[in-house]
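Source file: final_31.cif. Holds: mmCIF, C-alpha atoms.
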data_final
#
loop_
_atom_site.label_atom_id
_atom_site.label_comp_id
_atom_site.auth_asym_id
_atom_site.auth_seq_id
_atom_site.Cartn_x
_atom_site.Cartn_y
_atom_site.Cartn_z
CA MET A 1 -53.25 -32.61 116.50
CA PHE A 2 -49.59 -33.53 115.89
CA ARG A 3 -50.64 -36.79 114.26
CA ALA A 4 -53.18 -34.93 112.13
CA LYS A 5 -50.44 -32.64 110.81
CA LEU A 6 -48.03 -35.53 110.33
CA GLY A 7 -50.58 -37.73 108.57
CA PRO A 8 -50.35 -36.19 105.05
CA LYS A 9 -46.55 -36.27 105.21
CA LEU A 10 -46.51 -39.94 106.20
CA MET A 11 -48.96 -40.69 103.39
CA ALA A 12 -46.73 -38.90 100.89
CA VAL A 13 -43.69 -40.86 102.12
CA SER A 14 -45.59 -44.13 101.89
CA GLN A 15 -46.52 -43.34 98.28
CA LEU A 16 -42.91 -42.53 97.33
CA PRO A 17 -42.02 -46.08 96.19
CA THR A 18 -45.10 -46.13 93.94
CA ILE A 19 -44.20 -42.73 92.46
CA LEU A 20 -40.61 -43.83 91.84
CA LYS A 21 -41.82 -47.07 90.26
CA LYS A 22 -44.13 -45.18 87.90
CA GLY A 23 -41.33 -42.74 87.11
CA GLY A 24 -39.02 -45.63 86.28
CA GLN A 25 -41.66 -47.19 84.04
CA ASN A 26 -42.18 -43.89 82.21
CA LEU A 27 -38.41 -43.54 81.75
CA LYS A 28 -38.22 -47.05 80.29
CA ARG A 29 -41.08 -46.24 77.89
CA ILE A 30 -39.17 -43.18 76.68
CA LEU A 31 -35.92 -45.13 76.33
CA ALA A 32 -37.79 -47.86 74.43
CA ILE A 33 -38.46 -45.36 71.62
CA ILE A 34 -35.15 -43.49 71.87
CA PRO A 35 -33.80 -44.92 68.56
CA MET A 36 -36.74 -43.32 66.72
CA ILE A 37 -36.23 -40.01 68.56
CA ILE A 38 -32.52 -39.94 67.72
CA CYS A 39 -33.20 -40.81 64.07
CA ILE A 40 -35.60 -37.85 63.88
CA LEU A 41 -32.94 -35.57 65.39
CA TYR A 42 -30.25 -36.87 63.00
CA ALA A 43 -32.57 -36.49 60.01
CA PHE A 44 -33.80 -33.00 60.94
CA LEU A 45 -31.00 -30.97 59.29
CA PRO A 46 -30.79 -33.09 56.09
CA ILE A 47 -34.57 -33.00 55.61
CA CYS A 48 -34.72 -29.22 56.19
CA LYS A 49 -31.89 -28.76 53.68
CA ILE A 50 -33.68 -30.85 51.04
CA VAL A 51 -37.07 -29.17 51.56
CA ALA A 52 -35.46 -25.71 51.43
CA ALA A 53 -33.44 -26.50 48.29
CA ILE A 54 -36.58 -27.62 46.43
CA GLY A 55 -37.94 -24.09 46.83
CA GLY A 56 -34.64 -22.38 46.02
CA TYR A 57 -33.86 -21.72 49.67
CA ASP A 58 -31.18 -22.71 52.14
CA PHE A 59 -31.63 -23.75 55.78
CA VAL A 60 -29.07 -23.03 58.48
CA LEU A 61 -29.08 -23.65 62.21
CA ASN A 62 -28.58 -20.72 64.55
CA ASN A 63 -25.90 -22.49 66.57
CA TYR A 64 -24.15 -25.51 65.07
CA PRO A 65 -21.71 -26.20 67.96
CA ILE A 66 -24.43 -26.26 70.65
CA SER A 67 -26.77 -28.46 68.60
CA MET A 68 -23.93 -30.88 67.80
CA ILE A 69 -22.96 -31.15 71.48
CA VAL A 70 -26.60 -31.80 72.43
CA LEU A 71 -26.89 -34.55 69.80
CA ALA A 72 -23.71 -36.20 71.07
CA LEU A 73 -24.88 -36.08 74.71
CA ILE A 74 -28.30 -37.53 73.84
CA SER A 75 -26.60 -40.33 71.90
CA ILE A 76 -24.28 -41.17 74.81
CA VAL A 77 -27.12 -41.15 77.36
CA ALA A 78 -29.24 -43.37 75.10
CA VAL A 79 -26.54 -46.00 74.55
CA VAL A 80 -25.49 -46.11 78.21
CA SER A 81 -29.09 -46.26 79.48
CA LEU A 82 -30.17 -49.01 77.09
CA ASN A 83 -27.17 -51.13 78.05
CA VAL A 84 -27.29 -50.52 81.82
CA LEU A 85 -31.06 -50.92 82.16
CA LYS A 86 -31.09 -53.80 79.63
CA ILE A 87 -34.17 -52.46 77.86
CA SER A 88 -35.55 -54.63 75.07
CA LEU A 89 -36.60 -52.85 71.89
CA SER A 90 -39.52 -53.58 69.60
CA LYS A 91 -38.98 -54.65 65.99
CA THR A 92 -39.78 -51.11 64.84
CA GLN A 93 -37.20 -49.60 67.18
CA ALA A 94 -34.67 -52.23 66.06
CA VAL A 95 -35.12 -50.93 62.51
CA PHE A 96 -34.53 -47.36 63.71
CA SER A 97 -31.40 -48.61 65.49
CA ALA A 98 -30.10 -49.83 62.14
CA LEU A 99 -30.87 -46.47 60.50
CA MET A 100 -29.07 -44.40 63.13
CA LEU A 101 -25.57 -44.90 61.72
CA PRO A 102 -26.15 -43.78 58.10
CA LEU A 103 -28.27 -40.86 59.33
CA SER A 104 -25.58 -39.80 61.81
CA ALA A 105 -22.96 -39.92 59.03
CA ILE A 106 -25.09 -37.83 56.63
CA ASN A 107 -25.89 -35.39 59.41
CA GLY A 108 -22.20 -35.23 60.32
CA LEU A 109 -21.21 -34.39 56.74
CA LEU A 110 -23.59 -31.42 56.77
CA TYR A 111 -22.32 -30.23 60.15
CA ILE A 112 -18.68 -30.36 59.01
CA TYR A 113 -19.57 -28.50 55.82
CA GLN A 114 -21.63 -25.81 57.55
CA SER A 115 -19.85 -25.33 60.87
CA ASN A 116 -16.63 -23.36 61.24
CA TRP A 117 -15.99 -24.94 64.66
CA LYS A 118 -12.94 -27.20 64.48
CA LEU A 119 -14.16 -29.49 67.30
CA THR A 120 -17.26 -30.42 65.29
CA ILE A 121 -15.58 -33.59 63.98
CA ILE A 122 -15.07 -34.89 67.54
CA PHE A 123 -18.77 -34.72 68.40
CA VAL A 124 -19.75 -36.05 64.96
CA LEU A 125 -17.54 -39.09 65.59
CA ILE A 126 -19.10 -39.53 69.06
CA CYS A 127 -22.54 -39.70 67.42
CA CYS A 128 -21.24 -42.18 64.84
CA GLY A 129 -19.61 -44.26 67.58
CA CYS A 130 -22.84 -44.46 69.57
CA SER A 131 -24.71 -45.37 66.39
CA ILE A 132 -22.23 -48.19 65.72
CA VAL A 133 -23.01 -49.62 69.17
CA MET A 134 -26.74 -49.38 68.45
CA LEU A 135 -26.25 -51.06 65.08
CA ALA A 136 -24.23 -53.91 66.58
CA LYS A 137 -26.35 -54.60 69.68
CA PHE A 138 -29.92 -53.53 69.02
CA SER A 139 -30.63 -53.47 65.27
CA SER A 140 -32.48 -55.94 63.06
CA PRO A 141 -33.25 -57.53 60.62
CA PHE A 142 -29.83 -58.86 59.68
CA ILE A 143 -30.03 -57.78 56.01
CA LEU A 144 -30.82 -54.19 56.99
CA LYS A 145 -27.95 -54.29 59.47
CA ILE A 146 -25.49 -55.32 56.72
CA VAL A 147 -26.78 -52.74 54.22
CA SER A 148 -26.63 -50.03 56.87
CA ALA A 149 -23.09 -51.02 57.87
CA VAL A 150 -21.77 -50.97 54.27
CA LEU A 151 -23.46 -47.66 53.41
CA SER A 152 -22.30 -46.11 56.66
CA MET A 153 -18.73 -47.26 56.11
CA LEU A 154 -18.62 -45.41 52.79
CA LEU A 155 -20.16 -42.29 54.34
CA ILE A 156 -17.77 -42.34 57.31
CA VAL A 157 -14.75 -42.69 55.00
CA LEU A 158 -16.03 -39.64 53.09
CA LEU A 159 -16.63 -37.85 56.40
CA LEU A 160 -13.08 -38.52 57.61
CA PHE A 161 -11.65 -37.45 54.25
CA LEU A 162 -13.53 -34.14 54.35
CA ALA A 163 -12.46 -33.60 57.95
CA PHE A 164 -8.83 -34.22 56.94
CA VAL A 165 -9.09 -31.79 54.01
CA ASP A 166 -10.75 -29.21 56.25
CA PHE A 167 -7.93 -29.54 58.80
CA ILE A 168 -5.09 -29.40 56.24
CA PHE A 169 -6.49 -26.52 54.20
CA GLU A 170 -8.22 -24.52 56.96
CA ASP A 171 -6.29 -21.36 56.05
CA PHE A 172 -5.97 -22.11 52.33
CA GLY A 173 -8.75 -19.92 50.97
CA SER A 174 -11.27 -17.41 52.23
CA ASN A 175 -14.20 -15.28 51.14
CA THR A 176 -14.35 -11.90 52.90
CA VAL A 177 -17.22 -9.43 52.60
CA MET A 178 -15.53 -6.09 51.92
CA LYS A 179 -18.66 -3.96 51.51
CA SER A 180 -22.43 -4.33 52.02
CA LEU A 181 -24.98 -2.02 50.45
CA ALA A 182 -28.73 -2.20 51.10
CA SER A 183 -31.27 -1.13 48.48
CA PRO A 184 -33.33 2.05 49.20
CA GLN A 185 -36.29 0.09 50.61
CA ASN A 186 -34.11 -2.69 52.07
CA THR A 187 -35.47 -5.37 49.74
CA TYR A 188 -31.95 -6.47 48.85
CA THR A 189 -28.47 -6.29 50.34
CA VAL A 190 -25.48 -6.48 48.02
CA ASP A 191 -22.23 -8.00 49.30
CA VAL A 192 -18.94 -7.22 47.57
CA ILE A 193 -16.71 -10.23 48.31
CA ASP A 194 -12.96 -10.65 48.11
CA SER A 195 -12.40 -14.32 47.21
CA ASP A 196 -8.78 -15.21 48.00
CA GLN A 197 -7.91 -18.82 47.06
CA GLY A 198 -4.17 -18.64 47.65
CA GLY A 199 -2.12 -20.22 44.89
CA LEU A 200 -5.25 -20.84 42.84
CA GLY A 201 -5.81 -17.11 42.46
CA GLY A 202 -8.86 -15.14 43.44
CA ALA A 203 -11.79 -13.03 42.30
CA THR A 204 -14.09 -10.19 43.23
CA LEU A 205 -17.68 -11.36 43.62
CA VAL A 206 -20.95 -9.49 43.98
CA ASP A 207 -23.82 -11.39 45.62
CA VAL A 208 -27.39 -10.17 46.10
CA ASN A 209 -29.20 -11.26 49.29
CA TYR A 210 -33.01 -11.22 49.49
CA ASN A 211 -33.84 -9.53 52.82
CA ASN A 212 -37.60 -10.09 52.56
CA LYS A 213 -37.26 -13.81 51.82
CA THR A 214 -35.94 -15.04 55.14
CA VAL A 215 -38.05 -17.00 57.64
CA ASN A 216 -36.60 -17.18 61.15
CA PHE A 217 -37.33 -19.89 63.69
CA PHE A 218 -36.09 -20.43 67.23
CA PHE A 219 -33.53 -23.00 66.07
CA GLY A 220 -32.66 -21.82 62.54
CA LYS A 221 -33.78 -19.97 59.45
CA PHE A 222 -34.83 -20.50 55.84
CA SER A 223 -33.41 -17.94 53.43
CA LYS A 224 -33.35 -17.64 49.65
CA PHE A 225 -30.00 -18.49 48.08
CA PRO A 226 -27.96 -15.36 47.24
CA LEU A 227 -27.83 -14.43 43.56
CA ARG A 228 -24.34 -13.90 42.13
CA ILE A 229 -24.57 -11.17 39.50
CA TYR A 230 -20.92 -10.29 39.00
CA THR A 231 -17.52 -11.98 38.96
CA GLY A 232 -14.41 -9.88 38.37
CA LYS A 233 -10.67 -9.91 38.88
CA TRP A 234 -9.10 -10.35 42.28
CA GLY A 235 -8.57 -7.01 44.03
CA GLU A 236 -11.07 -5.24 41.78
CA PHE A 237 -13.23 -4.44 44.80
CA GLU A 238 -10.74 -1.72 45.81
CA LYS A 239 -11.72 0.48 42.84
CA MET A 240 -15.21 -0.87 42.18
CA GLN A 241 -17.96 1.73 41.84
CA ILE A 242 -21.25 0.28 43.03
CA SER A 243 -24.52 2.02 43.88
CA TRP A 244 -28.29 1.62 43.73
CA LYS A 245 -30.19 3.58 41.08
CA ASP A 246 -33.51 2.52 42.59
CA GLU A 247 -35.00 -0.46 44.41
CA HIS A 248 -34.45 -2.91 41.53
CA ASN A 249 -31.54 -1.46 39.55
CA LEU A 250 -27.93 -1.82 40.70
CA ILE A 251 -25.06 0.02 39.01
CA ILE A 252 -21.65 -1.72 38.94
CA ASN A 253 -18.84 0.18 37.19
CA GLY A 254 -21.40 2.06 35.10
CA ILE A 255 -23.34 -1.05 34.02
CA LYS A 256 -26.94 -1.50 35.17
CA TYR A 257 -28.16 -4.82 36.62
CA TYR A 258 -31.90 -5.30 37.00
CA LEU A 259 -33.12 -7.36 39.96
CA ASP A 260 -36.54 -8.92 40.26
CA ASP A 261 -38.10 -10.89 43.12
#
Now that the file is in, can you turn its structure into structure tokens?
Amino acid sequence: MFRAKLGPKLMAVSQLPTILKKGGQNLKRILAIIPMIICILYAFLPICKIVAAIGGYDFVLNNYPISMIVLALISIVAVVSLNVLKISLSKTQAVFSALMLPLSAINGLLYIYQSNWKLTIIFVLICCGCSIVMLAKFSSPFILKIVSAVLSMLLIVLLLFLAFVDFIFEDFGSNTVMKSLASPQNTYTVDVIDSDQGGLGGATLVDVNYNNKTVNFFFGKFSKFPLRIYTGKWGEFEKMQISWKDEHNLIINGIKYYLDD
């Protein structure tokens, strides 16, 4: 009876090496296509931005810092695993390895532009560093490697320049929403903005946001670009008279502005 109970356990233990071997093979299959997976992740934000812009929309991620950290960790794990396990890549994956660096630089430019997190540049550079290793060790053909390296060098120089400007002028100018006013049926929301650009002066801006033209996803959202209907002098917002006459007519300082979807 004891042997009968122990039998299934011994069988499971005896099959453990086979299970581990299959698990290792599956892991190697995943790692063998990791350059393509990373390229898709790097290209996700740029492609969403382009597709959205074609339709007059913008795309933003819900959490830029978290997504940037995840991209950096995936890149590190991929590079370390490919080197330690000495996995050989197919010709197709070698091409993706060459594309990783320019895609990571383009993706990094968008992250720096969109994210207000000052540590973004560190994780962007980690992704670029991992992509440089992939370009040097795993990419082919040689011509594509050279083209990718030259293009990426230009993009990385631009990336570093923008990061430097962002660091130097982080407190130079700001746009602050001073008042928000929704239309009667909540089709629009008007933002009165104080644009303070330091020594360059400033302005009072009025932007209209389309509340019914936003599509939310788990990871981000598509929203129609705000419409700027008014630009006035700096500080004007303090005495500005703004109200809705009806769902499509906005009154600013006695002047009517008609809005249409």
List the residues selected by the PyMOL selection byres ((chain A and resi 42-50) around 10) in the file shown, writing them as an MDAnalysis selection string. chainID A and resid 36:41 51:61 68 71 99:111 127 220:222
Decode the PyMOL selection byres ((chain A and resi 65) around 8) for the given file into explicit residues and return them as a PyMOL selection string. chain A and resi 63-64+66-69+115+117+120
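Residue nearest Val177 in chain A, chosen from A:Val150, A:Ala32, A:Leu155, A:Val206 and counting all atoms listed in the file: A:Val206.
One distance worth recording is that between CA of Lys233 in chain A and CA of Leu181 in chain A, which is 20.0 Å.
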Find the spatial neighbours of Val192 in chain A, counting all atoms listed in the file, within a cut-off of 8 Å - ignore same-chain residues fewer than 6 positions away - and output them as a PyMOL selection string. chain A and resi 177-180+204-207+237
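Minimum atom-to-atom distances from A:Leu162, A:Lys137, A:Tyr188, A:Asp196 to Tyr113 in chain A were compared using all atoms listed in the file, and the lowest value belongs to A:Leu162.
Between CA of Leu125 in chain A and CA of Leu73 in chain A the interatomic distance comes to 12.1 Å.
The space between CA of Ile126 in chain A and CA of Ala72 in chain A spans 6.0 Å.
What the PyMOL selection byres ((chain A and resi 146) around 12) picks from this file is A:Ala98, A:Leu99, A:Leu101, A:Pro102, A:Ile132, A:Leu135, A:Ala136, A:Ser139, A:Ser140, A:Pro141, A:Phe142, A:Ile143, A:Leu144, A:Lys145, A:Val147, A:Ser148, A:Ala149, A:Val150, A:Leu151, A:Ser152, A:Met153.
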Since we have the selection now, will you write its residues out, keeping C-alpha atoms, as an mmCIF file, in the frame of the given file?
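As written to disk, out.cif reads:
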data_model
loop_
_atom_site.group_PDB
_atom_site.id
_atom_site.type_symbol
_atom_site.label_atom_id
_atom_site.label_comp_id
_atom_site.auth_asym_id
_atom_site.auth_seq_id
_atom_site.Cartn_x
_atom_site.Cartn_y
_atom_site.Cartn_z
ATOM 1 C CA ALA A 98 -30.100 -49.830 62.140
ATOM 2 C CA LEU A 99 -30.870 -46.470 60.500
ATOM 3 C CA LEU A 101 -25.570 -44.900 61.720
ATOM 4 C CA PRO A 102 -26.150 -43.780 58.100
ATOM 5 C CA ILE A 132 -22.230 -48.190 65.720
ATOM 6 C CA LEU A 135 -26.250 -51.060 65.080
ATOM 7 C CA ALA A 136 -24.230 -53.910 66.580
ATOM 8 C CA SER A 139 -30.630 -53.470 65.270
ATOM 9 C CA SER A 140 -32.480 -55.940 63.060
ATOM 10 C CA PRO A 141 -33.250 -57.530 60.620
ATOM 11 C CA PHE A 142 -29.830 -58.860 59.680
ATOM 12 C CA ILE A 143 -30.030 -57.780 56.010
ATOM 13 C CA LEU A 144 -30.820 -54.190 56.990
ATOM 14 C CA LYS A 145 -27.950 -54.290 59.470
ATOM 15 C CA VAL A 147 -26.780 -52.740 54.220
ATOM 16 C CA SER A 148 -26.630 -50.030 56.870
ATOM 17 C CA ALA A 149 -23.090 -51.020 57.870
ATOM 18 C CA VAL A 150 -21.770 -50.970 54.270
ATOM 19 C CA LEU A 151 -23.460 -47.660 53.410
ATOM 20 C CA SER A 152 -22.300 -46.110 56.660
ATOM 21 C CA MET A 153 -18.730 -47.260 56.110
#
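Minimum atom-to-atom distances from A:Val208, A:Ile33, A:Ile193, A:Ala182 to Lys245 in chain A were compared using all atoms listed in the file, and the lowest value belongs to A:Ala182.
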Identify, on the basis of all atoms listed in the file, every residue whose closest approach to Leu31 in chain A does not exceed 9 Å; exclude the query and any residue fewer than 2 positions from it along the same chain; express the result as a list in words. Asn26, Leu27, Lys28, Arg29, Ile33, Ile34, Pro35, Ala78, Ser81, Leu82, Ile87 and Leu89 of chain A
Can you write just those residues out, C-alpha atoms, as a compact mmCIF listing (two decimals), in the coordinates of the input?
# COMPACT_ATOMS: atom_id res chain seq x y z
CA ASN A 26 -42.18 -43.89 82.21
CA LEU A 27 -38.41 -43.54 81.75
CA LYS A 28 -38.22 -47.05 80.29
CA ARG A 29 -41.08 -46.24 77.89
CA ILE A 33 -38.46 -45.36 71.62
CA ILE A 34 -35.15 -43.49 71.87
CA PRO A 35 -33.80 -44.92 68.56
CA ALA A 78 -29.24 -43.37 75.10
CA SER A 81 -29.09 -46.26 79.48
CA LEU A 82 -30.17 -49.01 77.09
CA ILE A 87 -34.17 -52.46 77.86
CA LEU A 89 -36.60 -52.85 71.89
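Between Trp234 in chain A and the residues A:Asn249, A:Tyr258, A:Ile76, A:Ser195, the shortest atom-to-atom distance, using only C-alpha atoms, involves A:Ser195.
Closest approach to Thr214 in chain A among A:Tyr230, A:Thr187, A:Ser131, A:Ser243: A:Thr187, based on only C-alpha atoms.
Taking all atoms listed in the file into account, Ser174 in chain A lies nearest to A:Ala203 out of the set A:Val133, A:Leu259, A:Ile251, A:Ala203.
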